[in-house]
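K.L.:
Got run-v6.cif for you, mmCIF, C-alpha atoms:
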data_final
#
loop_
_atom_site.label_atom_id
_atom_site.label_comp_id
_atom_site.auth_asym_id
_atom_site.auth_seq_id
_atom_site.Cartn_x
_atom_site.Cartn_y
_atom_site.Cartn_z
CA MET A 1 111.39 70.57 90.94
CA THR A 2 112.20 72.70 93.89
CA SER A 3 112.60 76.28 92.84
CA ALA A 4 113.53 77.62 96.27
CA LEU A 5 116.92 77.50 97.94
CA ILE A 6 116.98 78.02 101.70
CA ASN A 7 120.06 78.32 103.83
CA VAL A 8 119.45 78.18 107.59
CA PRO A 9 121.45 76.71 110.47
CA LYS A 10 120.16 73.31 111.64
CA LYS A 11 121.14 73.96 115.25
CA ALA A 12 121.55 77.05 117.36
CA LYS A 13 121.94 78.08 120.98
CA ARG A 14 118.99 79.87 122.54
CA GLY A 15 119.30 83.60 121.96
CA ASP A 16 121.68 83.30 119.02
CA ILE A 17 121.13 85.69 116.14
CA ILE A 18 121.02 83.55 113.00
CA GLU A 19 121.13 84.55 109.36
CA ILE A 20 118.52 83.20 106.95
CA LYS A 21 119.25 83.23 103.23
CA THR A 22 116.63 82.56 100.58
CA LEU A 23 116.70 82.33 96.82
CA MET A 24 113.62 81.79 94.66
CA SER A 25 113.83 80.92 90.99
CA HIS A 26 111.77 83.52 89.12
CA ILE A 27 112.14 85.61 85.95
CA MET A 28 111.04 88.89 87.62
CA GLU A 29 109.93 90.37 84.29
CA THR A 30 109.78 94.12 84.90
CA GLY A 31 106.94 95.05 82.55
CA TYR A 32 109.12 97.82 81.11
CA ARG A 33 110.84 95.78 78.42
CA HIS A 34 109.63 95.41 74.86
CA THR A 35 110.33 92.94 72.08
CA ALA A 36 112.01 93.81 68.78
CA THR A 37 108.53 94.28 67.28
CA GLY A 38 107.69 96.89 69.91
CA GLU A 39 105.27 94.92 72.07
CA MET A 40 105.59 95.44 75.81
CA VAL A 41 106.39 92.29 77.75
CA PRO A 42 103.80 92.11 80.57
CA ARG A 43 104.96 92.34 84.15
CA ASP A 44 105.54 89.05 85.97
CA ILE A 45 107.20 89.49 89.34
CA ILE A 46 107.11 88.20 92.88
CA THR A 47 105.34 90.88 94.90
CA SER A 48 105.57 89.54 98.41
CA PHE A 49 107.81 87.35 100.57
CA THR A 50 106.93 86.27 104.09
CA PHE A 51 108.95 84.42 106.73
CA ARG A 52 107.24 82.79 109.73
CA TYR A 53 108.90 81.17 112.74
CA ASN A 54 106.55 78.70 114.44
CA GLY A 55 103.62 80.48 112.84
CA ILE A 56 104.64 83.99 113.87
CA GLU A 57 105.51 86.44 111.13
CA ILE A 58 109.07 87.69 111.68
CA PHE A 59 109.95 89.21 108.32
CA ARG A 60 108.03 90.37 105.28
CA ALA A 61 109.16 92.06 102.07
CA ASP A 62 107.25 93.86 99.31
CA LEU A 63 109.15 93.42 96.07
CA PHE A 64 109.11 95.66 93.00
CA PRO A 65 110.43 95.23 89.45
CA ALA A 66 113.74 96.70 90.64
CA ILE A 67 114.53 93.42 92.43
CA ALA A 68 116.83 91.27 90.29
CA ALA A 69 115.71 88.00 88.70
CA ASN A 70 115.77 84.97 91.03
CA PRO A 71 115.23 87.11 94.12
CA PHE A 72 117.82 86.59 96.83
CA ILE A 73 116.80 87.85 100.25
CA SER A 74 118.72 87.44 103.45
CA PHE A 75 117.83 88.62 106.94
CA PHE A 76 118.25 87.72 110.60
CA THR A 77 116.22 86.31 113.44
CA VAL A 78 116.76 85.28 117.04
CA ALA A 79 116.75 81.54 117.73
CA THR A 80 114.14 81.35 120.49
CA GLU A 81 112.89 77.76 120.39
CA SER A 82 113.05 74.62 118.29
CA GLY A 83 110.54 74.53 115.53
CA LYS A 84 109.69 75.29 111.98
CA PHE A 85 110.55 78.07 109.56
CA GLU A 86 108.03 78.74 106.84
CA PHE A 87 108.72 80.75 103.71
CA GLU A 88 106.11 82.02 101.27
CA TRP A 89 106.46 83.81 97.95
CA ILE A 90 103.46 85.34 96.19
CA GLY A 91 103.51 86.99 92.78
CA ASP A 92 101.78 87.96 89.56
CA ARG A 93 99.77 85.46 87.52
CA GLY A 94 98.88 83.43 90.58
CA PHE A 95 102.46 82.63 91.50
CA ALA A 96 102.60 81.04 94.96
CA GLU A 97 105.42 78.94 96.40
CA THR A 98 106.21 77.79 99.89
CA ALA A 99 109.18 76.19 101.55
CA SER A 100 110.00 75.16 105.08
CA ALA A 101 112.94 74.21 107.24
CA SER A 102 113.37 73.17 110.85
CA ILE A 103 115.78 74.20 113.58
CA SER A 104 116.69 72.67 116.91
CA VAL A 105 117.51 75.18 119.63
CA GLU A 106 119.44 74.09 122.72
CA MET B 1 134.25 86.00 54.37
CA ARG B 2 133.47 85.45 58.00
CA LYS B 3 134.18 89.06 58.80
CA GLN B 4 131.84 90.20 56.02
CA GLN B 5 128.99 88.12 57.44
CA LYS B 6 129.51 89.49 60.90
CA SER B 7 129.28 93.10 59.86
CA THR B 8 126.13 92.40 57.82
CA ARG B 9 124.49 90.84 60.84
CA ARG B 10 125.47 93.79 62.96
CA GLN B 11 124.02 96.21 60.44
CA PHE B 12 120.81 94.21 60.32
CA LEU B 13 120.49 94.16 64.10
CA GLY B 14 121.18 97.88 64.21
CA LEU B 15 118.41 98.54 61.70
CA ALA B 16 116.02 96.22 63.51
CA GLY B 17 116.79 97.92 66.81
CA GLY B 18 116.27 101.33 65.28
CA ALA B 19 112.96 100.27 63.78
CA ALA B 20 111.83 98.88 67.13
CA VAL B 21 112.70 102.14 68.88
CA LEU B 22 110.75 104.12 66.27
CA GLY B 23 107.82 101.74 66.61
CA THR B 24 107.55 102.24 70.38
CA VAL B 25 107.88 106.01 70.44
CA PRO B 26 104.13 106.60 70.98
CA ILE B 27 104.08 104.13 73.90
CA VAL B 28 107.19 105.60 75.46
CA THR B 29 105.76 109.11 75.42
CA LEU B 30 102.58 107.96 77.16
CA ARG B 31 104.34 106.75 80.29
CA PRO B 32 107.08 108.30 82.39
CA ALA B 33 110.36 106.99 81.04
CA GLU B 34 112.02 107.06 84.44
CA ALA B 35 111.45 107.87 88.06
CA THR B 36 112.55 111.45 88.55
CA PRO B 37 113.79 113.10 91.74
CA ALA B 38 110.20 114.38 92.10
CA THR B 39 108.69 110.88 92.05
CA LEU B 40 111.49 109.75 94.38
CA THR B 41 110.47 112.46 96.84
CA ALA B 42 106.80 111.53 96.41
CA ALA B 43 107.57 107.84 97.08
CA ILE B 44 109.50 108.76 100.21
CA ARG B 45 106.64 110.99 101.38
CA ALA B 46 104.20 108.12 100.78
CA VAL B 47 106.15 106.13 103.38
CA ALA B 48 107.26 108.83 105.81
CA GLY B 49 104.29 111.18 105.53
CA GLU B 50 105.12 114.57 106.99
CA ALA B 51 107.71 113.18 109.41
CA ALA B 52 111.26 114.48 109.18
CA VAL B 53 113.73 112.06 107.60
CA ARG B 54 117.11 112.47 109.22
CA THR B 55 120.44 111.29 107.90
CA GLY B 56 122.24 108.66 109.96
CA LYS B 57 121.87 105.29 111.71
CA VAL B 58 121.34 103.58 108.34
CA LYS B 59 124.20 102.00 106.41
CA LEU B 60 123.60 101.29 102.72
CA ASP B 61 126.16 99.02 101.06
CA VAL B 62 126.09 99.07 97.27
CA PRO B 63 129.17 98.88 95.07
CA PRO B 64 129.96 102.44 93.88
CA LEU B 65 130.79 101.19 90.39
CA VAL B 66 128.51 98.54 88.88
CA GLU B 67 129.29 96.75 85.63
CA ASN B 68 125.97 94.96 85.23
CA GLY B 69 122.86 96.76 86.41
CA ASN B 70 120.80 93.57 86.16
CA THR B 71 122.05 92.24 89.46
CA VAL B 72 123.55 94.57 92.02
CA PRO B 73 124.18 93.26 95.54
CA MET B 74 122.78 95.55 98.21
CA THR B 75 122.88 95.39 102.00
CA VAL B 76 121.06 97.75 104.33
CA SER B 77 121.85 97.71 108.03
CA VAL B 78 120.55 99.95 110.78
CA SER B 79 122.24 100.50 114.12
CA SER B 80 119.57 99.50 116.59
CA PRO B 81 119.51 97.34 119.73
CA MET B 82 116.41 95.52 118.29
CA THR B 83 114.62 95.25 121.63
CA ALA B 84 110.86 95.39 122.16
CA ASP B 85 111.14 99.09 123.07
CA ASP B 86 113.66 100.17 120.48
CA HIS B 87 113.74 98.39 117.15
CA VAL B 88 113.48 98.91 113.43
CA LYS B 89 109.95 98.50 112.08
CA SER B 90 110.76 98.64 108.41
CA ILE B 91 113.40 99.44 105.82
CA HIS B 92 112.42 101.04 102.51
CA VAL B 93 114.71 101.34 99.51
CA PHE B 94 114.18 103.85 96.69
CA ASN B 95 115.92 104.81 93.49
CA GLU B 96 116.00 107.89 91.32
CA LYS B 97 116.03 106.74 87.71
CA ASN B 98 114.47 103.29 87.33
CA PRO B 99 111.00 103.33 85.70
CA GLN B 100 109.48 103.40 89.17
CA PRO B 101 110.93 104.76 92.40
CA ASN B 102 110.38 101.78 94.73
CA VAL B 103 112.92 99.00 95.06
CA GLY B 104 111.60 97.13 98.09
CA ASN B 105 109.96 97.43 101.49
CA PHE B 106 111.23 95.16 104.24
CA HIS B 107 109.21 94.76 107.42
CA LEU B 108 111.11 93.65 110.51
CA GLY B 109 110.41 93.54 114.22
CA PRO B 110 112.14 92.98 117.53
CA HIS B 111 112.41 89.25 116.73
CA ALA B 112 114.82 90.00 113.89
CA GLY B 113 117.70 90.37 116.34
CA ARG B 114 119.73 92.37 113.88
CA ALA B 115 118.40 95.08 111.58
CA GLN B 116 120.11 94.00 108.41
CA ILE B 117 118.80 92.80 105.06
CA SER B 118 120.52 91.85 101.81
CA THR B 119 119.15 91.41 98.32
CA ARG B 120 120.07 91.95 94.68
CA ILE B 121 118.58 94.83 92.75
CA ARG B 122 118.35 96.22 89.22
CA LEU B 123 119.58 99.64 88.21
CA ALA B 124 118.53 101.20 84.89
CA ASP B 125 121.11 103.98 85.02
CA SER B 126 123.78 105.62 87.12
CA GLN B 127 121.80 107.10 89.94
CA ARG B 128 121.19 107.73 93.60
CA ILE B 129 119.84 105.01 95.93
CA VAL B 130 118.10 105.97 99.16
CA ALA B 131 117.41 103.66 102.09
CA ILE B 132 115.04 104.77 104.83
CA ALA B 133 114.46 103.04 108.15
CA ARG B 134 111.38 103.49 110.31
CA LEU B 135 112.12 102.92 113.97
CA SER B 136 109.71 101.82 116.68
CA ASP B 137 109.34 105.46 117.85
CA ASP B 138 108.23 106.33 114.29
CA SER B 139 111.31 108.38 113.55
CA PHE B 140 112.82 108.04 110.07
CA TRP B 141 116.51 107.75 109.26
CA SER B 142 118.13 107.56 105.87
CA ALA B 143 121.30 106.87 103.93
CA THR B 144 122.05 107.80 100.32
CA VAL B 145 124.58 106.32 97.91
CA ASP B 146 125.47 107.33 94.36
CA VAL B 147 126.09 104.42 92.00
CA VAL B 148 127.67 104.44 88.55
CA VAL B 149 126.22 101.76 86.24
CA THR B 150 127.91 100.80 82.96
CA LEU B 151 125.34 98.25 81.67
CA ALA B 152 121.76 99.29 82.37
CA ALA B 153 118.89 96.99 83.33
CA CYS B 154 115.09 96.98 83.25
CA THR B 155 114.27 98.62 79.93
CA GLU B 156 116.53 96.83 77.46
CA GLU B 157 115.01 94.93 74.55
CA VAL B 158 114.13 91.27 74.76
CA ILE B 159 116.14 89.52 72.07
#
What do you get writing this file as structure tokens?
P.N.:
Amino acid sequence: MTSALINVPKKAKRGDIIEIKTLMSHIMETGYRHTATGEMVPRDIITSFTFRYNGIEIFRADLFPAIAANPFISFFTVATESGKFEFEWIGDRGFAETASASISVE
Amino acid sequence: MRKQQKSTRRQFLGLAGGAAVLGTVPIVTLRPAEATPATLTAAIRAVAGEAAVRTGKVKLDVPPLVENGNTVPMTVSVSSPMTADDHVKSIHVFNEKNPQPNVGNFHLGPHAGRAQISTRIRLADSQRIVAIARLSDDSFWSATVDVVVTLAACTEEVI
């Protein structure tokens, strides 16, 4: 089961500014909710998202409980060369997911 | 008959909810119920230090009236040429009344091309959202938006 959705252009011209959209399936439990019996539901969120372009970190986000469930993050980068995009999500309770995509730059 | 059942169920849920609220009162009093303007200021100071935070350059797009606080689309953009000499280092988003003041920190660089990020956030109440951008010259710029929320998020009961 792939829990990540990535939307990136497959091709771009050199120097183009491209938008990258990501969605990761995750409950993002805030740690501030309680059950009907009064027990607090422990926090379970994604705390960090990193985007690398050919191994170089371009974008990083620190997430907090105020980010909605199934975190959607979109941002931009400059298409400099053909290669690989790598995405990494890290969270509570040992949550770690990666995804990748490739782009050809003319 | 059907109507009778419905109202009984509602009464039961109301009682159960009330009991749950009573049961958690000691826990609630032990932790801050919400981020206050003071914690908002403290969170901003934790990022900006003693530097002056000026208004401008940052554009914060959040709908002014939100029906469901569980998922609120938000876009922050900063007017910047995004060159090696003049770019946005990071964007920080804060709120006033969620249980904690931070929403997210977004670290960019000259390779971003455009200083703009979008995500979806949670809002526990009608409140003020603040976005702060740190530029490459270590100046800080901000934008503030007031949002009205009709259905709150974050602290509701798990059913």
K.L.:
Only residues of chain A matter here; which ones have an atom within 8 Å of chain B, counting only C-alpha atoms? Give them as a compact mmCIF listing (two decimals) with C-alpha atoms, in the frame of the given file.
P.N.:
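File selection-v7.txt, as written:
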# COMPACT_ATOMS: atom_id res chain seq x y z
CA ILE A 17 121.13 85.69 116.14
CA THR A 30 109.78 94.12 84.90
CA TYR A 32 109.12 97.82 81.11
CA ARG A 33 110.84 95.78 78.42
CA HIS A 34 109.63 95.41 74.86
CA THR A 35 110.33 92.94 72.08
CA ALA A 36 112.01 93.81 68.78
CA THR A 37 108.53 94.28 67.28
CA GLY A 38 107.69 96.89 69.91
CA GLU A 39 105.27 94.92 72.07
CA ILE A 58 109.07 87.69 111.68
CA PHE A 59 109.95 89.21 108.32
CA ARG A 60 108.03 90.37 105.28
CA ALA A 61 109.16 92.06 102.07
CA ASP A 62 107.25 93.86 99.31
CA LEU A 63 109.15 93.42 96.07
CA PHE A 64 109.11 95.66 93.00
CA PRO A 65 110.43 95.23 89.45
CA ALA A 66 113.74 96.70 90.64
CA ILE A 67 114.53 93.42 92.43
CA ALA A 68 116.83 91.27 90.29
CA ALA A 69 115.71 88.00 88.70
CA PRO A 71 115.23 87.11 94.12
CA PHE A 72 117.82 86.59 96.83
CA ILE A 73 116.80 87.85 100.25
CA SER A 74 118.72 87.44 103.45
CA PHE A 75 117.83 88.62 106.94
CA PHE A 76 118.25 87.72 110.60
CA THR A 77 116.22 86.31 113.44
CA VAL A 78 116.76 85.28 117.04
K.L.:
Which distance in Å separates atom CA of A:Leu23 and atom CA of A:Gly91, to one decimal?
P.N.:
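Between atom CA of A:Leu23 and atom CA of A:Gly91 the gap is 14.6 Å.
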K.L.:
Apply the PyMOL selection byres ((chain B and resi 55) around 7) to the structure shown and report the selected residues as a PyMOL selection string.
P.N.:
chain B and resi 53-54+56+141-143
K.L.:
With all atoms listed in the file as the atoms that count, which of A:Phe49, A:Lys11, A:Asn70, A:Glu106 lies nearest to A:Glu86?
P.N.:
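Comparing A:Phe49, A:Lys11, A:Asn70, A:Glu106 against A:Glu86, the winner is A:Phe49.
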K.L.:
Need to verify the contact set: A:Ala4, 12 Å, only C-alpha atoms, exclusion of same-chain residues closer than 6 positions in sequence. Can you return it as a PDB file with C-alpha atoms, in the frame of the given file?
P.N.:
ATOM      1  CA  LYS A  21     119.250  83.230 103.230  1.00  0.00           C
ATOM      2  CA  THR A  22     116.630  82.560 100.580  1.00  0.00           C
ATOM      3  CA  LEU A  23     116.700  82.330  96.820  1.00  0.00           C
ATOM      4  CA  MET A  24     113.620  81.790  94.660  1.00  0.00           C
ATOM      5  CA  SER A  25     113.830  80.920  90.990  1.00  0.00           C
ATOM      6  CA  HIS A  26     111.770  83.520  89.120  1.00  0.00           C
ATOM      7  CA  ASN A  70     115.770  84.970  91.030  1.00  0.00           C
ATOM      8  CA  PRO A  71     115.230  87.110  94.120  1.00  0.00           C
ATOM      9  CA  PHE A  72     117.820  86.590  96.830  1.00  0.00           C
ATOM     10  CA  ILE A  73     116.800  87.850 100.250  1.00  0.00           C
ATOM     11  CA  GLU A  86     108.030  78.740 106.840  1.00  0.00           C
ATOM     12  CA  PHE A  87     108.720  80.750 103.710  1.00  0.00           C
ATOM     13  CA  GLU A  88     106.110  82.020 101.270  1.00  0.00           C
ATOM     14  CA  TRP A  89     106.460  83.810  97.950  1.00  0.00           C
ATOM     15  CA  ALA A  96     102.600  81.040  94.960  1.00  0.00           C
ATOM     16  CA  GLU A  97     105.420  78.940  96.400  1.00  0.00           C
ATOM     17  CA  THR A  98     106.210  77.790  99.890  1.00  0.00           C
ATOM     18  CA  ALA A  99     109.180  76.190 101.550  1.00  0.00           C
ATOM     19  CA  SER A 100     110.000  75.160 105.080  1.00  0.00           C
ATOM     20  CA  ALA A 101     112.940  74.210 107.240  1.00  0.00           C
TER      21      ALA A 101
END
K.L.:
With only C-alpha atoms as the basis for distance, which of A:Phe85, A:Asp16, A:Pro9, A:Phe95 is at the shortest distance from A:Arg52?
P.N.:
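Closest to A:Arg52, using only C-alpha atoms: A:Phe85.
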K.L.:
For stretch 4-19 of chain A, take all atoms listed in the file, fit an axis-aligned box around them, add 5 Å to each of the six sides, then output centre and edge lengths in Å rounded to one decimal, as lines of an AutoDock Vina configuration file.
P.N.:
center_x = 117.7
center_y = 79.5
center_z = 109.4
size_x = 18.4
size_y = 22.4
size_z = 36.3
K.L.:
Rank A:Val105, A:Gly94, A:Thr50, A:Pro42 by their smallest atom-to-atom distance to A:Ala12, using only C-alpha atoms, and report the top residue only.
P.N.:
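Result for the nearest residue to A:Ala12: A:Val105.
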K.L.:
So the first atom is atom CA of B:Val78 and the second is atom CA of B:Val47; what is the distance between them in Å, to one decimal place?
P.N.:
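Going from atom CA of B:Val78 over to atom CA of B:Val47 covers 17.3 Å.
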K.L.:
Would you save stretch 73-89 of chain A from the block above with C-alpha atoms, as a PDB file, in the first residue's frame?
P.N.:
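Wrote it out as result-v5.pdb, contents follow:
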ATOM      1  CA  ILE A  73       2.281  20.177   1.547  1.00  0.00           C
ATOM      2  CA  SER A  74       3.049  21.977  -1.664  1.00  0.00           C
ATOM      3  CA  PHE A  75       6.065  24.087  -2.551  1.00  0.00           C
ATOM      4  CA  PHE A  76       8.246  25.089  -5.485  1.00  0.00           C
ATOM      5  CA  THR A  77      11.680  24.372  -6.862  1.00  0.00           C
ATOM      6  CA  VAL A  78      13.735  25.295  -9.911  1.00  0.00           C
ATOM      7  CA  ALA A  79      14.229  22.546 -12.487  1.00  0.00           C
ATOM      8  CA  THR A  80      18.023  22.558 -12.788  1.00  0.00           C
ATOM      9  CA  GLU A  81      18.891  19.104 -14.130  1.00  0.00           C
ATOM     10  CA  SER A  82      17.358  15.710 -14.804  1.00  0.00           C
ATOM     11  CA  GLY A  83      17.323  13.463 -11.824  1.00  0.00           C
ATOM     12  CA  LYS A  84      15.534  12.222  -8.802  1.00  0.00           C
ATOM     13  CA  PHE A  85      13.239  13.776  -6.229  1.00  0.00           C
ATOM     14  CA  GLU A  86      13.239  12.156  -2.818  1.00  0.00           C
ATOM     15  CA  PHE A  87      10.595  12.712  -0.170  1.00  0.00           C
ATOM     16  CA  GLU A  88      10.842  11.672   3.460  1.00  0.00           C
ATOM     17  CA  TRP A  89       8.322  11.834   6.288  1.00  0.00           C
TER      18      TRP A  89
END
